[in-house]
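The file my_file-v9.cif contains mmCIF, C-alpha atoms:
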data_query
loop_
_atom_site.label_atom_id
_atom_site.label_comp_id
_atom_site.auth_asym_id
_atom_site.auth_seq_id
_atom_site.Cartn_x
_atom_site.Cartn_y
_atom_site.Cartn_z
CA MET B 272 0.00 0.00 0.00
CA LYS B 273 1.23 3.47 -0.76
CA GLY B 274 3.35 4.98 1.98
CA ASN B 275 2.86 2.01 4.28
CA ALA B 276 6.35 0.84 5.12
CA ARG B 277 5.19 -1.42 7.95
CA SER B 278 5.49 -5.15 7.50
CA PRO B 279 2.16 -6.86 6.73
CA VAL B 280 2.72 -9.04 9.79
CA ILE B 281 2.59 -5.99 12.06
CA VAL B 282 -0.37 -4.63 10.12
CA VAL B 283 -2.38 -7.82 10.62
CA PHE B 284 -1.40 -7.86 14.30
CA LEU B 285 -2.43 -4.24 14.85
CA LYS B 286 -5.68 -4.79 12.95
CA ASP B 287 -6.59 -7.64 15.29
CA VAL B 288 -5.63 -5.62 18.37
CA ARG B 289 -7.63 -2.63 17.19
CA SER B 290 -10.75 -4.63 16.34
CA GLU B 291 -10.51 -6.42 19.67
CA LEU B 292 -10.22 -3.17 21.59
CA ARG B 293 -13.17 -1.77 19.69
CA THR B 294 -15.58 -4.47 20.76
CA ARG B 295 -13.65 -5.89 23.73
CA TYR B 296 -15.78 -8.98 23.30
CA ALA B 297 -13.07 -11.59 23.64
CA LEU B 298 -11.06 -9.71 26.24
CA ASN B 299 -14.04 -9.27 28.57
CA ALA B 300 -15.09 -12.89 28.16
CA LEU B 301 -11.58 -14.09 28.90
CA ILE B 302 -11.12 -11.90 31.96
CA MET B 303 -14.48 -13.03 33.33
CA PHE B 304 -13.52 -16.63 32.57
CA VAL B 305 -10.30 -16.34 34.56
CA LEU B 306 -12.10 -14.67 37.46
CA THR B 307 -14.92 -17.22 37.50
CA THR B 308 -12.60 -20.22 37.36
CA LEU B 309 -10.37 -18.80 40.05
CA SER B 310 -13.38 -18.12 42.28
CA ILE B 311 -14.64 -21.68 41.87
CA ILE B 312 -11.22 -23.00 42.81
CA LEU B 313 -11.02 -20.70 45.82
CA PHE B 314 -14.48 -21.80 46.97
CA SER B 315 -13.63 -25.47 46.58
CA ILE B 316 -10.32 -25.15 48.40
CA GLY B 317 -11.84 -23.11 51.21
CA SER B 318 -9.42 -23.03 54.10
CA GLU B 319 -7.95 -26.42 53.25
CA ASP B 320 -4.23 -26.80 52.92
CA VAL B 321 -3.79 -28.14 49.40
CA SER B 322 -0.38 -29.46 48.43
CA PRO B 323 1.61 -27.04 46.21
CA ASP B 324 2.12 -29.82 43.68
CA VAL B 325 -1.61 -30.04 43.09
CA LEU B 326 -1.90 -26.24 42.97
CA SER B 327 0.77 -26.10 40.25
CA GLY B 328 -1.42 -28.26 38.08
CA VAL B 329 -4.58 -26.30 38.86
CA LEU B 330 -2.97 -23.05 37.74
CA TRP B 331 -2.36 -24.53 34.33
CA ILE B 332 -5.92 -25.84 34.15
CA ILE B 333 -7.09 -22.23 34.41
CA ILE B 334 -4.58 -21.11 31.79
CA PHE B 335 -5.36 -23.98 29.43
CA PHE B 336 -9.11 -23.43 29.45
CA SER B 337 -8.74 -19.66 29.15
CA SER B 338 -6.64 -20.22 26.06
CA MET B 339 -9.28 -22.61 24.71
CA SER B 340 -11.90 -19.90 25.18
CA GLY B 341 -9.95 -17.07 23.66
CA LEU B 342 -7.33 -18.09 21.14
CA SER B 343 -9.60 -19.34 18.38
CA ARG B 344 -11.22 -15.93 18.05
CA THR B 345 -8.58 -14.50 15.79
CA PHE B 346 -9.39 -16.91 12.95
CA VAL B 347 -13.02 -17.67 13.72
CA SER B 348 -13.97 -13.97 13.74
CA GLU B 349 -12.64 -13.64 10.20
CA GLU B 350 -14.91 -16.44 9.08
CA GLU B 351 -17.88 -15.03 10.97
CA ARG B 352 -17.45 -11.50 9.66
CA GLY B 353 -16.78 -12.73 6.12
CA THR B 354 -13.43 -10.97 5.87
CA VAL B 355 -11.43 -14.07 4.97
CA MET B 356 -11.26 -13.38 1.25
CA THR B 357 -10.27 -9.77 1.76
CA LEU B 358 -7.49 -10.89 4.04
CA GLN B 359 -6.38 -13.50 1.52
CA LEU B 360 -6.07 -10.78 -1.11
CA LEU B 361 -4.21 -8.34 1.07
CA ALA B 362 -1.35 -10.40 2.44
CA LYS B 363 0.58 -13.59 1.89
CA PRO B 364 -0.57 -16.59 3.97
CA LEU B 365 2.54 -16.69 6.12
CA GLN B 366 2.34 -12.99 6.91
CA ILE B 367 -1.22 -13.52 8.08
CA TYR B 368 -0.13 -16.49 10.17
CA TYR B 369 2.68 -14.58 11.91
CA GLY B 370 0.41 -11.58 12.49
CA LYS B 371 -2.22 -13.75 14.14
CA LEU B 372 0.42 -15.67 16.07
CA LEU B 373 1.72 -12.38 17.45
CA PHE B 374 -1.82 -11.42 18.41
CA ASN B 375 -2.41 -14.70 20.21
CA ILE B 376 0.91 -14.41 22.05
CA PHE B 377 -0.03 -10.88 23.09
CA LEU B 378 -3.51 -11.99 24.25
CA MET B 379 -2.07 -14.98 26.10
CA PHE B 380 0.47 -12.83 27.92
CA LEU B 381 -2.25 -10.47 29.14
CA ILE B 382 -4.48 -13.28 30.35
CA ASN B 383 -1.67 -15.31 31.89
CA ILE B 384 -0.21 -12.38 33.78
CA LEU B 385 -3.68 -11.69 35.17
CA ALA B 386 -4.30 -15.33 36.04
CA VAL B 387 -0.88 -15.88 37.63
CA THR B 388 -0.98 -12.66 39.64
CA LEU B 389 -4.44 -13.39 41.04
CA TYR B 390 -3.50 -17.00 41.69
CA VAL B 391 -0.37 -16.13 43.65
CA LEU B 392 -2.20 -13.40 45.56
CA PHE B 393 -5.32 -15.27 46.57
CA ILE B 394 -4.21 -18.85 47.09
CA ASN B 395 -2.19 -18.94 50.27
CA SER B 396 -0.73 -22.43 49.96
CA PHE B 397 0.79 -21.53 46.61
CA THR B 398 4.10 -19.86 47.43
CA VAL B 399 6.76 -19.74 44.75
CA ARG B 400 10.31 -20.12 45.99
CA SER B 401 12.26 -19.71 42.76
CA TYR B 402 10.83 -16.70 41.00
CA ASP B 403 13.26 -16.90 38.10
CA VAL B 404 12.23 -20.45 37.26
CA PHE B 405 8.57 -19.50 37.65
CA ALA B 406 8.84 -16.41 35.43
CA LEU B 407 10.67 -18.31 32.71
CA THR B 408 8.11 -21.13 32.89
CA ILE B 409 5.20 -18.73 32.45
CA PHE B 410 7.00 -16.94 29.61
CA LEU B 411 7.91 -20.09 27.67
CA GLY B 412 4.61 -21.76 28.49
CA THR B 413 2.70 -18.79 27.06
CA LEU B 414 4.74 -18.86 23.86
CA GLY B 415 4.28 -22.61 23.46
CA LEU B 416 0.55 -22.47 24.16
CA ALA B 417 0.01 -19.63 21.70
CA SER B 418 2.07 -21.27 18.94
CA ALA B 419 0.23 -24.59 19.10
CA ALA B 420 -3.19 -23.04 19.67
CA THR B 421 -2.89 -20.69 16.68
CA ILE B 422 -2.44 -23.39 14.04
CA ILE B 423 -5.24 -25.48 15.53
CA ALA B 424 -7.44 -22.35 15.53
CA ALA B 425 -6.70 -21.93 11.82
CA ILE B 426 -7.79 -25.53 11.24
CA ILE B 427 -11.05 -25.42 13.19
CA ALA B 428 -12.04 -22.04 11.73
CA LYS B 429 -12.87 -23.97 8.56
CA ALA B 430 -14.95 -26.60 10.35
CA ASN B 431 -18.44 -26.77 11.81
CA SER B 432 -18.93 -27.01 15.59
CA LYS B 433 -15.79 -24.90 16.11
CA GLY B 434 -16.27 -24.27 19.79
CA THR B 435 -16.42 -27.88 20.92
CA LEU B 436 -13.85 -29.05 18.40
CA TYR B 437 -11.13 -26.66 19.51
CA PRO B 438 -10.24 -28.22 22.89
CA VAL B 439 -10.67 -31.72 21.43
CA LEU B 440 -8.06 -31.05 18.75
CA SER B 441 -5.76 -28.97 20.93
CA PHE B 442 -5.48 -31.21 23.95
CA PRO B 443 -3.36 -34.06 22.46
CA ILE B 444 -1.11 -31.50 20.80
CA LEU B 445 -0.72 -29.42 23.94
CA LEU B 446 -0.26 -32.33 26.32
CA PRO B 447 3.58 -32.48 26.12
CA LEU B 448 3.66 -28.76 26.82
CA MET B 449 1.20 -29.05 29.72
CA LEU B 450 3.08 -31.87 31.39
CA THR B 451 6.41 -30.09 31.12
CA VAL B 452 5.10 -26.73 32.25
CA ILE B 453 3.28 -28.21 35.25
CA ASN B 454 6.45 -30.02 36.21
CA ALA B 455 8.49 -26.84 35.88
CA THR B 456 5.97 -24.93 38.03
CA ARG B 457 6.25 -27.65 40.63
CA LEU B 458 10.03 -27.25 40.55
CA ALA B 459 9.67 -23.48 40.99
CA VAL B 460 7.36 -23.95 43.97
CA ASN B 461 9.77 -26.41 45.57
CA GLY B 462 12.68 -24.02 45.16
CA ALA B 463 14.74 -25.62 42.38
CA THR B 464 17.44 -23.53 40.74
CA LEU B 465 17.53 -22.53 37.06
CA LEU B 466 20.27 -25.06 36.46
CA GLU B 467 18.22 -27.89 37.94
CA SER B 468 15.24 -27.00 35.78
CA VAL B 469 17.16 -26.62 32.55
CA GLY B 470 15.83 -29.94 31.24
CA GLU B 471 12.25 -28.67 31.33
CA PHE B 472 13.22 -25.44 29.59
CA GLN B 473 14.98 -27.35 26.85
CA VAL B 474 11.76 -29.25 26.18
CA LEU B 475 9.74 -26.02 26.21
CA VAL B 476 12.03 -24.21 23.79
CA SER B 477 12.16 -27.17 21.41
CA TYR B 478 8.36 -27.45 21.57
CA ILE B 479 7.98 -23.80 20.58
CA VAL B 480 10.47 -24.16 17.73
CA VAL B 481 8.84 -27.37 16.45
CA MET B 482 5.31 -25.96 16.62
CA VAL B 483 6.17 -22.71 14.83
CA THR B 484 8.14 -24.60 12.16
CA VAL B 485 5.36 -27.11 11.52
CA SER B 486 2.78 -24.32 11.39
CA TYR B 487 4.99 -22.43 8.94
CA LEU B 488 5.14 -25.51 6.72
CA VAL B 489 1.44 -26.43 6.72
CA PHE B 490 -0.32 -23.07 7.04
CA ASP B 491 -0.53 -22.59 3.26
CA TYR B 492 -2.63 -25.75 2.98
CA VAL B 493 -4.95 -24.68 5.77
CA TRP B 494 -5.43 -21.12 4.62
CA LYS B 495 -5.91 -21.53 0.90
CA GLU B 496 -9.27 -22.82 -0.29
CA MET P 287 -6.68 -65.83 -1.55
CA ALA P 288 -3.72 -67.86 -0.41
CA ALA P 289 -2.28 -64.99 1.62
CA LYS P 290 -5.56 -64.68 3.52
CA VAL P 291 -5.56 -68.36 4.43
CA ILE P 292 -1.91 -68.38 5.42
CA LEU P 293 -2.49 -65.33 7.61
CA ALA P 294 -5.45 -67.01 9.30
CA ILE P 295 -3.48 -70.17 10.02
CA TRP P 296 -0.45 -68.16 11.20
CA LEU P 297 -2.44 -66.11 13.69
CA THR P 298 -4.39 -69.13 14.95
CA ALA P 299 -1.10 -70.94 15.53
CA ILE P 300 0.26 -67.94 17.45
CA ILE P 301 -2.82 -67.79 19.67
CA VAL P 302 -2.71 -71.52 20.39
CA VAL P 303 1.03 -71.53 21.07
CA ALA P 304 0.85 -68.47 23.30
CA PHE P 305 -1.53 -70.24 25.61
CA ILE P 306 -0.45 -73.85 25.38
CA PHE P 307 3.29 -73.64 25.90
CA PRO P 308 3.90 -74.17 29.62
CA VAL P 309 5.69 -71.70 31.86
CA VAL P 310 8.37 -73.56 33.80
CA PRO P 311 11.11 -72.30 36.14
CA ALA P 312 13.95 -73.83 34.16
CA PRO P 313 13.02 -74.39 30.52
CA GLU P 314 14.71 -77.40 28.99
CA LYS P 315 12.48 -78.39 26.13
CA TRP P 316 12.14 -76.10 23.08
CA TYR P 317 8.50 -75.44 23.76
CA GLU P 318 8.82 -74.18 27.31
CA PHE P 319 8.63 -70.55 28.47
CA PRO P 320 10.69 -69.36 31.41
CA VAL P 321 9.14 -68.01 34.58
CA ILE P 322 9.63 -64.27 34.86
CA PRO P 323 9.55 -63.35 38.54
CA GLY P 324 6.42 -61.38 39.32
CA LEU P 325 4.70 -62.21 36.05
CA GLU P 326 4.67 -66.00 35.57
CA ASP P 327 1.69 -66.88 33.38
CA ARG P 328 0.64 -63.28 32.93
CA ALA P 329 3.68 -62.70 30.71
CA ARG P 330 1.62 -64.19 27.87
CA ILE P 331 0.15 -60.74 27.30
CA LEU P 332 3.47 -59.95 25.63
CA PHE P 333 2.34 -61.86 22.55
CA PHE P 334 -0.83 -59.84 22.06
CA HIS P 335 -0.69 -56.49 23.74
CA VAL P 336 2.72 -55.40 22.45
CA PRO P 337 2.03 -56.22 18.77
CA MET P 338 -1.29 -54.36 19.00
CA SER P 339 0.31 -51.23 20.42
CA TRP P 340 3.06 -51.47 17.84
CA THR P 341 0.50 -51.78 15.03
CA ALA P 342 -1.46 -48.82 16.38
CA VAL P 343 1.65 -46.65 16.17
CA VAL P 344 2.63 -47.98 12.74
CA ALA P 345 -0.90 -47.33 11.48
CA PHE P 346 -0.67 -43.74 12.64
CA LEU P 347 2.68 -43.21 10.95
CA ILE P 348 1.35 -44.69 7.70
CA SER P 349 -1.76 -42.52 7.98
CA MET P 350 0.44 -39.48 8.46
CA SER P 351 2.68 -40.37 5.50
CA TYR P 352 -0.32 -40.84 3.19
CA GLY P 353 -1.59 -37.51 4.48
CA ILE P 354 1.68 -35.86 3.46
CA ARG P 355 1.42 -37.57 0.06
CA PHE P 356 -2.11 -36.26 -0.32
CA LEU P 357 -0.96 -32.70 0.31
CA LYS P 358 1.53 -33.15 -2.53
CA THR P 359 -0.57 -35.12 -5.04
CA LYS P 360 -4.09 -33.95 -4.14
CA SER P 361 -5.24 -37.46 -5.08
CA MET P 362 -8.31 -38.62 -3.12
CA ASP P 363 -6.90 -42.14 -3.23
CA ASP P 364 -4.11 -41.06 -0.89
CA ASP P 365 -6.69 -39.56 1.43
CA LEU P 366 -8.64 -42.82 1.33
CA LYS P 367 -5.54 -44.73 2.37
CA SER P 368 -4.86 -42.20 5.12
CA VAL P 369 -8.31 -42.45 6.66
CA SER P 370 -8.47 -46.25 6.29
CA SER P 371 -5.17 -46.59 8.09
CA ALA P 372 -6.34 -44.19 10.81
CA GLY P 373 -9.49 -46.23 11.35
CA LEU P 374 -7.53 -49.43 11.78
CA GLY P 375 -5.04 -47.68 14.03
CA PHE P 376 -7.92 -46.45 16.16
CA LEU P 377 -9.22 -50.00 16.50
CA PHE P 378 -5.84 -51.44 17.43
CA CYS P 379 -5.27 -48.59 19.86
CA ILE P 380 -8.57 -49.22 21.65
CA LEU P 381 -7.76 -52.93 21.87
CA ALA P 382 -4.26 -52.24 23.16
CA THR P 383 -5.55 -49.82 25.80
CA VAL P 384 -8.29 -52.16 26.97
CA THR P 385 -6.10 -55.30 27.08
CA GLY P 386 -3.37 -53.36 28.85
CA SER P 387 -5.82 -51.97 31.35
CA ILE P 388 -7.38 -55.35 32.19
CA TRP P 389 -3.92 -56.87 32.51
CA ALA P 390 -2.84 -54.01 34.76
CA LYS P 391 -5.77 -54.79 37.06
CA PHE P 392 -4.58 -58.37 37.41
CA ASN P 393 -0.93 -57.51 37.73
CA TRP P 394 -0.67 -54.24 39.60
CA GLY P 395 -4.11 -54.03 41.16
CA SER P 396 -5.60 -51.03 39.40
CA PHE P 397 -6.98 -50.40 35.93
CA TRP P 398 -5.09 -47.18 35.28
CA ASN P 399 -1.95 -45.66 36.75
CA TRP P 400 -0.73 -42.91 34.42
CA ASP P 401 2.44 -44.87 33.83
CA PRO P 402 4.34 -43.34 30.82
CA ARG P 403 3.44 -46.16 28.43
CA GLU P 404 -0.21 -46.05 29.49
CA THR P 405 -0.26 -42.29 29.06
CA SER P 406 1.31 -42.51 25.59
CA ILE P 407 -1.23 -45.03 24.31
CA PHE P 408 -3.99 -42.91 25.80
CA VAL P 409 -2.66 -39.82 24.01
CA LEU P 410 -2.57 -41.80 20.75
CA LEU P 411 -6.21 -42.69 21.41
CA LEU P 412 -7.00 -38.99 21.90
CA ILE P 413 -5.20 -38.09 18.67
CA TYR P 414 -7.21 -40.67 16.73
CA GLY P 415 -10.42 -39.46 18.33
CA ALA P 416 -9.61 -35.85 17.50
CA TYR P 417 -8.74 -36.83 13.92
CA PHE P 418 -12.15 -38.41 13.38
CA ALA P 419 -13.95 -35.60 15.19
CA LEU P 420 -12.29 -33.15 12.80
CA ARG P 421 -13.23 -35.22 9.75
CA SER P 422 -16.85 -35.51 10.78
CA SER P 423 -17.15 -31.75 11.31
CA LEU P 424 -16.14 -30.91 7.73
CA ASP P 425 -18.49 -31.23 4.77
CA ASP P 426 -16.39 -30.61 1.69
CA ALA P 427 -14.35 -33.70 0.75
CA ALA P 428 -11.26 -31.79 -0.37
CA LYS P 429 -11.23 -29.67 2.78
CA LYS P 430 -11.77 -32.76 4.89
CA ALA P 431 -8.78 -34.45 3.32
CA THR P 432 -6.52 -31.41 3.50
CA LEU P 433 -7.27 -30.44 7.08
CA SER P 434 -7.11 -33.97 8.45
CA SER P 435 -3.75 -34.49 6.74
CA VAL P 436 -2.51 -31.26 8.32
CA TYR P 437 -3.77 -32.37 11.73
CA ALA P 438 -2.12 -35.78 11.35
CA ILE P 439 1.18 -34.03 10.60
CA ILE P 440 0.90 -31.72 13.62
CA ALA P 441 -0.04 -34.61 15.88
CA GLY P 442 2.75 -36.78 14.48
CA VAL P 443 5.26 -34.07 15.25
CA THR P 444 4.33 -33.93 18.94
CA VAL P 445 4.73 -37.70 19.42
CA PRO P 446 8.56 -37.63 19.79
CA PHE P 447 8.17 -35.25 22.71
CA PHE P 448 6.52 -37.96 24.74
CA ILE P 449 9.54 -40.19 24.38
CA PHE P 450 11.66 -37.49 25.99
CA ILE P 451 9.41 -36.05 28.65
CA MET P 452 7.73 -39.18 29.92
CA PRO P 453 10.67 -40.67 31.81
CA ARG P 454 11.26 -37.47 33.74
CA ILE P 455 7.66 -37.06 34.77
CA MET P 456 6.95 -40.29 36.56
CA ALA P 457 8.47 -43.59 37.51
CA SER P 458 7.32 -46.45 35.37
CA LEU P 459 5.34 -49.51 36.42
CA HIS P 460 5.74 -51.04 33.00
CA PRO P 461 8.13 -53.95 32.81
CA GLU P 462 10.51 -51.91 30.69
CA PRO P 463 13.59 -53.93 31.66
CA LEU P 464 11.76 -56.99 30.43
CA VAL P 465 11.32 -55.68 26.93
CA ASN P 466 14.11 -53.15 26.58
CA THR P 467 17.30 -54.10 28.32
CA GLN P 468 16.47 -57.73 28.89
CA GLY P 469 14.01 -58.15 26.06
CA LYS P 470 15.50 -58.41 22.65
CA VAL P 471 18.84 -59.69 23.81
CA HIS P 472 17.98 -61.67 26.88
CA MET P 473 14.51 -62.93 26.08
CA ASN P 474 14.29 -66.69 26.10
CA PRO P 475 14.60 -67.92 22.45
CA THR P 476 11.22 -69.64 22.47
CA MET P 477 9.50 -66.51 23.75
CA LEU P 478 11.42 -64.41 21.26
CA VAL P 479 10.33 -66.55 18.33
CA VAL P 480 6.67 -66.56 19.39
CA PHE P 481 6.77 -62.82 20.08
CA LEU P 482 8.35 -61.91 16.73
CA SER P 483 5.95 -64.21 14.89
CA SER P 484 3.04 -62.54 16.66
CA LEU P 485 4.43 -59.12 15.75
CA ALA P 486 4.73 -60.16 12.12
CA GLY P 487 1.26 -61.71 12.20
CA PHE P 488 -0.43 -58.61 13.59
CA THR P 489 1.38 -56.34 11.16
CA ALA P 490 0.35 -58.59 8.27
CA LEU P 491 -3.22 -58.54 9.61
CA TYR P 492 -3.13 -54.76 9.62
CA PHE P 493 -1.89 -54.57 6.02
CA TRP P 494 -4.48 -57.09 4.88
CA LEU P 495 -7.30 -55.17 6.59
CA LEU P 496 -5.94 -51.93 5.13
CA SER P 497 -5.99 -53.36 1.61
CA LEU P 498 -9.60 -54.53 2.16
CA ARG P 499 -10.69 -51.09 3.37
CA VAL P 500 -8.92 -49.28 0.54
CA ARG P 501 -10.41 -51.57 -2.11
CA ALA P 502 -13.89 -51.23 -0.62
CA GLY P 503 -13.45 -47.47 -0.38
CA ARG P 504 -12.47 -47.25 -4.03
CA LEU P 505 -15.53 -49.26 -5.06
CA ILE P 506 -17.81 -47.02 -3.00
CA ASP P 507 -16.24 -43.87 -4.44
CA GLY P 508 -16.72 -45.27 -7.95
CA GLN P 509 -20.37 -46.01 -7.19
CA LEU P 510 -20.98 -42.55 -5.81
CA ARG P 511 -19.40 -40.91 -8.80
CA ARG P 512 -21.46 -43.00 -11.22
CA GLY P 513 -24.53 -42.10 -9.22
CA ASP P 514 -25.58 -45.65 -8.37
#
Can you dump the structure from the file as structure tokens?
Amino acid sequence: MKGNARSPVIVVFLKDVRSELRTRYALNALIMFVLTTLSIILFSIGSEDVSPDVLSGVLWIIIFFSSMSGLSRTFVSEEERGTVMTLQLLAKPLQIYYGKLLFNIFLMFLINILAVTLYVLFINSFTVRSYDVFALTIFLGTLGLASAATIIAAIIAKANSKGTLYPVLSFPILLPLMLTVINATRLAVNGATLLESVGEFQVLVSYIVVMVTVSYLVFDYVWKE
Amino acid sequence: MAAKVILAIWLTAIIVVAFIFPVVPAPEKWYEFPVIPGLEDRARILFFHVPMSWTAVVAFLISMSYGIRFLKTKSMDDDLKSVSSAGLGFLFCILATVTGSIWAKFNWGSFWNWDPRETSIFVLLLIYGAYFALRSSLDDAAKKATLSSVYAIIAGVTVPFFIFIMPRIMASLHPEPLVNTQGKVHMNPTMLVVFLSSLAGFTALYFWLLSLRVRAGRLIDGQLRRGD
């Protein structure tokens, strides 16, 4: 476009951010989802002393289901609004993919920071001893979750029954990530050092690399009619 | 015709042998199985459960490779092979999970323990289920084929991760030393022969069933196109 020196990836990303801020539909739903789930967990724990290992897993349940609620929106909204063809004309498939990946990463970071902060604040038995391990886990976990969830979102956007299909398709793909990230959180809670947890981080980084690479290779087939 | 009959006789022989050969503490005759401490007679599951799990994984890999071929050739025949293989893999996976679970009840006291091997076969079951859920939610045949091939590729790529992360997550109940370090090299020759024959038999069964499904699928496609 004339005078537009910005990369199409950034343009797609900013378009999604802007349209999301305009309606705030997904953001509100996600925030309410996190709050509701957290409240249910708080009610069910009550004043019980739940083991930190269990609480590590529960945190990622909240994060996983929030991502299942929110990350498909970026592709599904295009189908619903009928803007798919316009988008196909305006940018190359991979540029669209990276733009939407960036958007999902951005959305995931917002939601996860909210979820983690509230979780640490309100659940007393959950005390993190190694903050560096915890921060890195959340960071890499968010990236991994977004990268896998984006390509699956692109797939289900073309299907019927999108809402129910999304977690069904995503769960087997995300399971290696979930197991590793829950384990790493458990290590952070128990006070392991960065060096001791390096094995988990290796798995997380390789997962992110593999997911983005595979998505890069297959996205053309998903996107083009 | 002949291959079908040979396969039937082969598998019947395996089943008979697996149950008839006695388990003795110190095998002397060629037809005796050794006693494995802790397992004794229950070790016979080796001849059925392991080949089924193996076939389930092989079926998935073949389904994935035909999916990749479809993406290149766009031939619906490749998609037919992919989905036929996935269906068989699903069947073998269900059988492997159920037989393993029942055996686990007899051997370790509970039906399910989230042992790494159990978790992996369960994840394979989930992948198959998701694959068919995706296929049934798409109407257009070309889109169905393309998207399910893509999903098979993505799922196939996450499988290696399980091999690396499983051991660090939980200790295993599975008799890994039996099959891995002591298996291929130290397994009693009689057991080894029966096991490998069973493996070959189940794999041959899978390929035979696959050829049946593909041939039937082609006939149905031909009928639909002619408008019968």
Exercise. When distances are computed from only C-alpha atoms, which of B:Val280, B:Val469, B:Ala430, B:Ala455 shows the smallest separation from chain P?
Worked result: B:Ala430
Picked residues, the PyMOL selection byres ((chain B) within 7 of (chain P)), as a PDB file with C-alpha atoms, in the frame of the given file:
ATOM      1  CA  ILE B 426      -7.790 -25.530  11.240  1.00  0.00           C
ATOM      2  CA  ALA B 430     -14.950 -26.600  10.350  1.00  0.00           C
ATOM      3  CA  ASN B 431     -18.440 -26.770  11.810  1.00  0.00           C
ATOM      4  CA  SER B 432     -18.930 -27.010  15.590  1.00  0.00           C
ATOM      5  CA  VAL B 439     -10.670 -31.720  21.430  1.00  0.00           C
ATOM      6  CA  LEU B 440      -8.060 -31.050  18.750  1.00  0.00           C
ATOM      7  CA  PRO B 443      -3.360 -34.060  22.460  1.00  0.00           C
ATOM      8  CA  ILE B 444      -1.110 -31.500  20.800  1.00  0.00           C
ATOM      9  CA  PRO B 447       3.580 -32.480  26.120  1.00  0.00           C
ATOM     10  CA  VAL B 485       5.360 -27.110  11.520  1.00  0.00           C
ATOM     11  CA  VAL B 489       1.440 -26.430   6.720  1.00  0.00           C
ATOM     12  CA  TYR B 492      -2.630 -25.750   2.980  1.00  0.00           C
ATOM     13  CA  VAL B 493      -4.950 -24.680   5.770  1.00  0.00           C
TER      14      VAL B 493
END
For this session: Write out as a ChimeraX atom specification each polymer residue whose atoms come within 12 Å of Leu293 in chain P, counting all atoms listed in the file; drop sequence neighbours fewer than 3 positions from it.
Result: /P:287-290,296-300,483-484,486-495
Exercise. Applied to the shown file, which residues does the PyMOL selection byres ((chain B and resi 297) around 12) return, written as a ChimeraX atom specification?
Worked result: /B:287-288,290-296,298-304,337-345,347-348,375,378-379,382
Residues as selected, C-alpha atoms, written as a PDB file, keeping the file's coordinate frame, can you do that?
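out15.pdb, written as the output of this step:
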ATOM      1  CA  ASP B 287      -6.590  -7.640  15.290  1.00  0.00           C
ATOM      2  CA  VAL B 288      -5.630  -5.620  18.370  1.00  0.00           C
ATOM      3  CA  SER B 290     -10.750  -4.630  16.340  1.00  0.00           C
ATOM      4  CA  GLU B 291     -10.510  -6.420  19.670  1.00  0.00           C
ATOM      5  CA  LEU B 292     -10.220  -3.170  21.590  1.00  0.00           C
ATOM      6  CA  ARG B 293     -13.170  -1.770  19.690  1.00  0.00           C
ATOM      7  CA  THR B 294     -15.580  -4.470  20.760  1.00  0.00           C
ATOM      8  CA  ARG B 295     -13.650  -5.890  23.730  1.00  0.00           C
ATOM      9  CA  TYR B 296     -15.780  -8.980  23.300  1.00  0.00           C
ATOM     10  CA  LEU B 298     -11.060  -9.710  26.240  1.00  0.00           C
ATOM     11  CA  ASN B 299     -14.040  -9.270  28.570  1.00  0.00           C
ATOM     12  CA  ALA B 300     -15.090 -12.890  28.160  1.00  0.00           C
ATOM     13  CA  LEU B 301     -11.580 -14.090  28.900  1.00  0.00           C
ATOM     14  CA  ILE B 302     -11.120 -11.900  31.960  1.00  0.00           C
ATOM     15  CA  MET B 303     -14.480 -13.030  33.330  1.00  0.00           C
ATOM     16  CA  PHE B 304     -13.520 -16.630  32.570  1.00  0.00           C
ATOM     17  CA  SER B 337      -8.740 -19.660  29.150  1.00  0.00           C
ATOM     18  CA  SER B 338      -6.640 -20.220  26.060  1.00  0.00           C
ATOM     19  CA  MET B 339      -9.280 -22.610  24.710  1.00  0.00           C
ATOM     20  CA  SER B 340     -11.900 -19.900  25.180  1.00  0.00           C
ATOM     21  CA  GLY B 341      -9.950 -17.070  23.660  1.00  0.00           C
ATOM     22  CA  LEU B 342      -7.330 -18.090  21.140  1.00  0.00           C
ATOM     23  CA  SER B 343      -9.600 -19.340  18.380  1.00  0.00           C
ATOM     24  CA  ARG B 344     -11.220 -15.930  18.050  1.00  0.00           C
ATOM     25  CA  THR B 345      -8.580 -14.500  15.790  1.00  0.00           C
ATOM     26  CA  VAL B 347     -13.020 -17.670  13.720  1.00  0.00           C
ATOM     27  CA  SER B 348     -13.970 -13.970  13.740  1.00  0.00           C
ATOM     28  CA  ASN B 375      -2.410 -14.700  20.210  1.00  0.00           C
ATOM     29  CA  LEU B 378      -3.510 -11.990  24.250  1.00  0.00           C
ATOM     30  CA  MET B 379      -2.070 -14.980  26.100  1.00  0.00           C
ATOM     31  CA  ILE B 382      -4.480 -13.280  30.350  1.00  0.00           C
TER      32      ILE B 382
END
Per residue of range 343-411 of chain P within 7 Å of range 320-335 of chain P, what are the shortest atom pair and its distance in Å to one decimal, counting all atoms listed in the file, with rows by chain and residue number, as JSON lines?
{"residue": "P:Ala382", "atom": "CA", "partner": "P:His335", "partner_atom": "CA", "distance": 5.6}
{"residue": "P:Thr385", "atom": "CA", "partner": "P:His335", "partner_atom": "CA", "distance": 6.5}
{"residue": "P:Gly386", "atom": "CA", "partner": "P:His335", "partner_atom": "CA", "distance": 6.6}
Problem set entry | Distance of CA of Leu414 in chain B from CA of Met356 in chain B, expressed in Å to one decimal place | 28.2 Å
